[in-house]
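To be precise, the following lines are run_28.txt, and they hold compact mmCIF, C-alpha atoms.
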# COMPACT_ATOMS: atom_id res chain seq x y z
CA MET A 1 85.98 142.77 50.59
CA ASP A 2 89.72 143.50 50.61
CA LYS A 3 89.01 147.18 51.09
CA GLU A 4 86.68 146.42 54.02
CA MET A 5 89.31 144.17 55.66
CA LYS A 6 91.91 146.85 55.19
CA GLU A 7 89.66 149.41 56.87
CA ILE A 8 89.04 147.04 59.81
CA THR A 9 92.76 146.36 60.18
CA GLU A 10 93.61 150.03 60.09
CA SER A 11 90.88 150.80 62.61
CA ILE A 12 92.15 148.13 65.00
CA TRP A 13 95.75 149.33 64.58
CA HIS A 14 94.70 152.91 65.22
CA ARG A 15 92.81 151.88 68.34
CA PHE A 16 95.80 149.81 69.51
CA LYS A 17 98.17 152.78 69.24
CA LYS A 18 95.67 155.10 70.89
CA PHE A 19 95.00 152.85 73.89
CA PHE A 20 98.36 151.06 73.99
CA ILE A 21 99.15 151.92 77.61
CA LEU A 22 95.66 150.94 78.79
CA LEU A 23 95.78 147.67 76.86
CA LEU A 24 99.17 146.94 78.41
CA LEU A 25 98.09 147.84 81.94
CA ILE A 26 94.96 145.67 81.95
CA PRO A 27 96.75 142.25 81.89
CA ILE A 28 99.40 143.56 84.29
CA LEU A 29 96.74 144.68 86.76
CA THR A 30 94.70 141.48 86.51
CA THR A 31 97.87 139.42 87.03
CA VAL A 32 98.94 141.39 90.11
CA ILE A 33 95.44 141.36 91.59
CA ALA A 34 95.02 137.61 91.06
CA TYR A 35 98.41 136.87 92.63
CA PHE A 36 97.73 139.17 95.58
CA LEU A 37 94.31 137.67 96.31
CA ALA A 38 95.64 134.11 96.07
CA SER A 39 98.55 134.85 98.40
CA ARG A 40 96.13 136.37 100.92
CA GLU A 41 93.91 133.28 101.07
CA PRO A 42 94.37 131.29 104.31
CA GLY A 43 96.32 128.11 103.70
CA THR A 44 94.64 124.76 104.40
CA SER A 45 96.32 121.45 105.06
CA GLN A 46 94.76 118.02 104.83
CA ALA A 47 95.93 115.01 106.82
CA ASP A 48 95.10 111.56 105.41
CA ALA A 49 95.45 107.96 106.55
CA LYS A 50 94.27 104.66 105.09
CA ILE A 51 93.18 101.73 107.25
CA LYS A 52 92.34 98.12 106.45
CA LEU A 53 89.62 97.09 108.87
CA GLY A 54 90.00 94.13 111.17
CA SER A 55 87.73 91.11 111.15
CA ALA A 56 86.24 89.36 114.17
CA GLU A 57 82.81 87.85 114.79
CA ASN A 58 82.26 89.94 117.91
CA SER A 59 83.53 93.21 116.39
CA THR A 60 81.29 96.16 115.51
CA LEU A 61 84.05 97.63 113.31
CA ASN A 62 84.24 95.08 110.50
CA THR A 63 82.55 97.20 107.80
CA PRO A 64 83.15 100.75 106.51
CA ASP A 65 79.65 101.86 107.53
CA SER A 66 79.94 100.60 111.11
CA ALA A 67 83.48 102.00 111.38
CA LYS A 68 82.34 105.41 110.13
CA GLU A 69 79.43 105.49 112.56
CA TYR A 70 81.77 104.64 115.43
CA LEU A 71 84.48 107.13 114.40
CA LEU A 72 81.98 110.00 114.36
CA SER A 73 80.26 108.99 117.60
CA ASN A 74 80.58 111.01 120.78
CA GLU A 75 81.66 107.84 122.58
CA PHE A 76 84.70 107.44 120.35
CA LEU A 77 85.65 111.13 120.24
CA ARG A 78 85.64 111.21 124.05
CA SER A 79 88.12 108.33 124.01
CA VAL A 80 90.62 110.22 121.81
CA LYS A 81 93.33 111.51 124.10
CA GLY A 82 94.30 115.18 124.17
CA LEU A 83 91.02 116.64 122.89
CA SER A 84 89.04 119.35 124.64
CA LYS A 85 85.23 119.47 124.47
CA ASP A 86 85.38 122.14 121.75
CA GLU A 87 87.92 120.11 119.77
CA GLU A 88 85.67 117.05 119.98
CA LYS A 89 82.81 119.01 118.39
CA GLU A 90 85.13 120.50 115.79
CA LEU A 91 86.59 117.10 114.94
CA LYS A 92 83.14 115.60 114.49
CA GLU A 93 82.43 118.20 111.80
CA LYS A 94 85.80 118.07 110.05
CA LEU A 95 86.65 114.36 110.13
CA GLN A 96 85.88 112.62 106.83
CA VAL A 97 85.56 108.83 106.59
CA VAL A 98 85.50 107.54 103.02
CA PRO A 99 85.06 103.82 102.14
CA GLU A 100 87.58 102.71 99.51
CA THR A 101 86.54 99.03 99.42
CA ASP A 102 84.52 96.68 101.61
CA THR A 103 87.44 96.49 104.05
CA ILE A 104 89.42 99.72 103.53
CA ILE A 105 88.62 103.26 104.67
CA THR A 106 90.42 106.59 104.26
CA LEU A 107 90.36 109.14 107.07
CA SER A 108 90.84 112.83 106.24
CA LEU A 109 91.07 115.92 108.42
CA SER A 110 91.54 119.50 107.19
CA ASP A 111 92.73 122.49 109.18
CA GLU A 112 94.55 125.77 108.67
CA ASN A 113 97.16 124.52 111.15
CA LYS A 114 99.14 121.73 109.46
CA ASN A 115 100.58 120.31 112.68
CA LYS A 116 97.17 120.34 114.36
CA ALA A 117 95.57 118.39 111.51
CA LYS A 118 98.34 115.79 111.55
CA THR A 119 98.46 115.45 115.35
CA GLN A 120 94.70 115.11 115.76
CA LEU A 121 94.37 112.56 112.96
CA LYS A 122 97.22 110.52 114.47
CA SER A 123 95.33 110.46 117.77
CA VAL A 124 92.13 109.39 115.98
CA VAL A 125 93.91 106.60 114.10
CA LYS A 126 95.65 105.36 117.23
CA ALA A 127 92.41 105.29 119.26
CA PHE A 128 90.54 103.48 116.48
CA MET A 129 93.30 100.93 115.89
CA ASN A 130 93.47 100.20 119.62
CA GLU A 131 89.73 99.66 119.95
CA SER A 132 89.48 97.52 116.83
CA GLY A 133 92.56 95.53 117.84
CA ASN A 134 91.13 94.99 121.33
CA GLN A 135 87.89 93.62 119.89
CA SER A 136 89.84 91.19 117.70
CA GLU A 137 92.01 90.12 120.63
CA LYS A 138 89.01 89.53 122.90
CA TRP A 139 87.42 87.26 120.32
CA ARG A 140 90.72 85.46 119.77
CA THR A 141 91.01 84.87 123.52
CA THR A 142 87.41 83.61 123.70
CA LEU A 143 87.95 81.10 120.89
CA ASP A 144 91.30 80.01 122.31
CA HIS A 145 89.64 79.32 125.67
CA GLN A 146 86.92 77.27 123.97
CA ILE A 147 89.48 75.29 121.97
CA LYS A 148 91.46 74.40 125.09
CA LYS A 149 88.27 73.47 126.91
CA VAL A 150 87.14 71.15 124.12
CA GLU A 151 90.61 69.62 123.75
CA GLY A 152 90.60 68.78 127.46
CA THR A 153 87.22 67.08 127.29
CA GLU A 154 87.26 63.25 127.45
CA VAL A 155 84.96 61.67 124.86
CA SER A 156 84.57 58.30 123.19
CA GLY A 157 82.80 56.74 120.22
CA GLU A 158 80.77 59.16 118.12
CA GLY A 159 81.66 61.90 120.57
CA THR A 160 85.23 61.84 119.21
CA ILE A 161 84.02 62.71 115.72
CA LYS A 162 81.84 65.54 117.01
CA LYS A 163 84.72 66.82 119.11
CA GLU A 164 87.02 66.94 116.09
CA GLU A 165 84.37 68.67 114.01
CA TYR A 166 83.81 71.27 116.71
CA LEU A 167 87.55 71.83 117.10
CA PHE A 168 87.90 72.23 113.34
CA ASP A 169 85.10 74.85 113.35
CA LEU A 170 86.67 76.75 116.25
CA LYS A 171 90.14 76.77 114.69
CA THR A 172 88.71 77.86 111.33
CA ARG A 173 86.96 80.77 113.02
CA MET A 174 90.22 81.59 114.79
CA LEU A 175 92.05 81.82 111.43
CA LYS A 176 89.45 84.26 110.11
CA ILE A 177 90.28 86.82 112.80
CA LYS A 178 92.19 89.76 111.32
CA ASP A 179 93.69 92.71 113.17
CA PRO A 180 93.28 96.21 111.69
CA LYS A 181 96.21 97.37 109.59
CA LEU A 182 97.44 100.89 108.85
CA LEU A 183 98.03 100.82 105.09
CA GLU A 184 99.11 104.45 104.78
CA LYS A 185 100.47 106.40 107.74
CA VAL A 186 99.17 109.88 108.51
CA ASP A 187 100.54 112.35 105.98
CA THR A 188 99.65 115.94 105.15
CA THR A 189 99.27 117.88 101.91
CA ASP A 190 98.71 121.60 101.36
CA THR A 191 95.45 122.36 99.59
CA ASN A 192 95.68 126.18 99.51
CA ALA A 193 95.51 128.07 96.22
CA ASN A 194 98.71 128.35 94.18
CA PRO A 195 99.45 132.11 93.66
CA LYS A 196 101.44 131.44 90.47
CA ARG A 197 98.56 129.56 88.86
CA LYS A 198 96.15 132.29 89.86
CA ALA A 199 98.53 134.88 88.39
CA ILE A 200 98.62 133.04 85.06
CA LEU A 201 94.83 132.87 85.06
CA GLY A 202 94.72 136.61 85.82
CA LEU A 203 97.08 137.27 82.90
CA LEU A 204 94.85 135.30 80.53
CA VAL A 205 91.77 137.19 81.71
CA GLY A 206 93.60 140.50 81.19
CA LEU A 207 94.68 139.56 77.67
CA ILE A 208 91.11 138.58 76.80
CA LEU A 209 89.83 141.90 78.11
CA SER A 210 92.43 143.81 76.12
CA ALA A 211 91.61 141.85 72.98
CA SER A 212 87.91 142.54 73.55
CA LEU A 213 88.54 146.30 73.73
CA LEU A 214 90.30 146.09 70.40
CA LEU A 215 87.86 143.84 68.55
CA LEU A 216 84.38 144.44 69.98
CA PRO A 217 83.98 147.94 68.48
CA GLU A 218 84.48 146.45 65.03
CA ILE A 219 81.97 143.69 65.68
CA PHE A 220 79.23 146.11 66.79
CA LYS A 221 80.12 148.82 64.28
CA LYS A 222 77.34 149.45 61.84
Can you give me the file's structure in the form of structure tokens?
Amino acid sequence: MDKEMKEITESIWHRFKKFFILLLLIPILTTVIAYFLASREPGTSQADAKIKLGSAENSTLNTPDSAKEYLLSNEFLRSVKGLSKDEEKELKEKLQVVPETDTIITLSLSDENKNKAKTQLKSVVKAFMNESGNQSEKWRTTLDHQIKKVEGTEVSGEGTIKKEEYLFDLKTRMLKIKDPKLLEKVDTTDTNANPKRKAILGLLVGLILSASLLLLPEIFKK
């Protein structure tokens, strides 16, 4: 057994000396190639924003599902200022709406142009916040008008109790109205490949290949 191990060791050492330059070049080449390919990949940036949805009885934007449907609708995209027809179509494909909770959504937009991604998502957020806020304000105004109308109504007897009950209901509904809130402002992150990480991976692959050239002949040797 010791003699066999000695023969294997000597064989590997002999092969190492014979192919030293090749074994050295393999990890160098794989490292350089991996770094070069990673650096040539087009960079991608992702813009993100987090919104807490508003709440109003008349609003169609109270839930993540309804908000997502509206955000990706042609009606909404046409309302976003500064977009061309082509950009509207592109935005519909790239815009991601992800529910975080029953009342919170995250908007994401990726593009090779970092400024474009950030600018377009800002426009989307602004348009959505305005529409949602307008719906909340309209309902607030409607309830406020009803409250003033009821308060100005002259009643007596049992009508007084009913009036107070109705006013209590109206004011309770008024308190439940919530405006949308921007929890996290639009921010961008780079999602392109890291050349250094790719280079390290290339180095590891090269070392494995070199080790294989040294060891595999011994494994398959009869």
Test item: residues at most 12 Å from segment 143-149 of chain A, only C-alpha atoms, excluding those fewer than 3 positions along its chain, as a PDB file with C-alpha atoms, keeping the file's coordinate frame:
ATOM      1  CA  ALA A  56      86.240  89.360 114.170  1.00  0.00           C
ATOM      2  CA  GLU A  57      82.810  87.850 114.790  1.00  0.00           C
ATOM      3  CA  ASN A  58      82.260  89.940 117.910  1.00  0.00           C
ATOM      4  CA  SER A 136      89.840  91.190 117.700  1.00  0.00           C
ATOM      5  CA  GLU A 137      92.010  90.120 120.630  1.00  0.00           C
ATOM      6  CA  LYS A 138      89.010  89.530 122.900  1.00  0.00           C
ATOM      7  CA  TRP A 139      87.420  87.260 120.320  1.00  0.00           C
ATOM      8  CA  ARG A 140      90.720  85.460 119.770  1.00  0.00           C
ATOM      9  CA  GLY A 152      90.600  68.780 127.460  1.00  0.00           C
ATOM     10  CA  THR A 153      87.220  67.080 127.290  1.00  0.00           C
ATOM     11  CA  GLU A 154      87.260  63.250 127.450  1.00  0.00           C
ATOM     12  CA  LYS A 163      84.720  66.820 119.110  1.00  0.00           C
ATOM     13  CA  GLU A 164      87.020  66.940 116.090  1.00  0.00           C
ATOM     14  CA  GLU A 165      84.370  68.670 114.010  1.00  0.00           C
ATOM     15  CA  TYR A 166      83.810  71.270 116.710  1.00  0.00           C
ATOM     16  CA  LEU A 167      87.550  71.830 117.100  1.00  0.00           C
ATOM     17  CA  PHE A 168      87.900  72.230 113.340  1.00  0.00           C
ATOM     18  CA  ASP A 169      85.100  74.850 113.350  1.00  0.00           C
ATOM     19  CA  LEU A 170      86.670  76.750 116.250  1.00  0.00           C
ATOM     20  CA  LYS A 171      90.140  76.770 114.690  1.00  0.00           C
ATOM     21  CA  THR A 172      88.710  77.860 111.330  1.00  0.00           C
ATOM     22  CA  ARG A 173      86.960  80.770 113.020  1.00  0.00           C
ATOM     23  CA  MET A 174      90.220  81.590 114.790  1.00  0.00           C
ATOM     24  CA  LEU A 175      92.050  81.820 111.430  1.00  0.00           C
ATOM     25  CA  LYS A 176      89.450  84.260 110.110  1.00  0.00           C
ATOM     26  CA  ILE A 177      90.280  86.820 112.800  1.00  0.00           C
TER      27      ILE A 177
END
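One distance worth recording is that between atom CA of Ala117 of chain A and atom CA of Asp86 of chain A, which is 14.9 Å.
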Query raised in the report: Excluding same-chain residues fewer than 5 positions from segment 65-75 of chain A, what lies within 8 Å of it counting only C-alpha atoms, as JSON, numbers by chain?
Result: {"A": [60, 88, 92, 95, 97, 99, 128]}
Within 7 Å of segment 193-207 of chain A, counting all atoms listed in the file, which residues qualify if same-chain residues fewer than 6 places away don't, as a compact mmCIF listing (two decimals) with C-alpha atoms, in the frame of the given file?
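Below is the file result25.txt, written as the result:
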# COMPACT_ATOMS: atom_id res chain seq x y z
CA ILE A 26 94.96 145.67 81.95
CA PRO A 27 96.75 142.25 81.89
CA ILE A 28 99.40 143.56 84.29
CA THR A 30 94.70 141.48 86.51
CA THR A 31 97.87 139.42 87.03
CA VAL A 32 98.94 141.39 90.11
CA ALA A 34 95.02 137.61 91.06
CA TYR A 35 98.41 136.87 92.63
CA ALA A 38 95.64 134.11 96.07
CA SER A 39 98.55 134.85 98.40
**Report entry** Selection: 12 Å around segment 6-18 of chain A, only C-alpha atoms, excl. self and same-chain fewer than 2 positions, as a ChimeraX atom specification
**Finding:** /A:1-4,20-24,210-219,221
Produce a file of the selected residues containing C-alpha atoms, as an mmCIF file, keeping the file's coordinate frame.
data_model
loop_
_atom_site.group_PDB
_atom_site.id
_atom_site.type_symbol
_atom_site.label_atom_id
_atom_site.label_comp_id
_atom_site.auth_asym_id
_atom_site.auth_seq_id
_atom_site.Cartn_x
_atom_site.Cartn_y
_atom_site.Cartn_z
ATOM 1 C CA MET A 1 85.980 142.770 50.590
ATOM 2 C CA ASP A 2 89.720 143.500 50.610
ATOM 3 C CA LYS A 3 89.010 147.180 51.090
ATOM 4 C CA GLU A 4 86.680 146.420 54.020
ATOM 5 C CA PHE A 20 98.360 151.060 73.990
ATOM 6 C CA ILE A 21 99.150 151.920 77.610
ATOM 7 C CA LEU A 22 95.660 150.940 78.790
ATOM 8 C CA LEU A 23 95.780 147.670 76.860
ATOM 9 C CA LEU A 24 99.170 146.940 78.410
ATOM 10 C CA SER A 210 92.430 143.810 76.120
ATOM 11 C CA ALA A 211 91.610 141.850 72.980
ATOM 12 C CA SER A 212 87.910 142.540 73.550
ATOM 13 C CA LEU A 213 88.540 146.300 73.730
ATOM 14 C CA LEU A 214 90.300 146.090 70.400
ATOM 15 C CA LEU A 215 87.860 143.840 68.550
ATOM 16 C CA LEU A 216 84.380 144.440 69.980
ATOM 17 C CA PRO A 217 83.980 147.940 68.480
ATOM 18 C CA GLU A 218 84.480 146.450 65.030
ATOM 19 C CA ILE A 219 81.970 143.690 65.680
ATOM 20 C CA LYS A 221 80.120 148.820 64.280
#
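From atom CA of Val80 of chain A back to atom CA of Glu112 of chain A, the distance works out to 20.7 Å.
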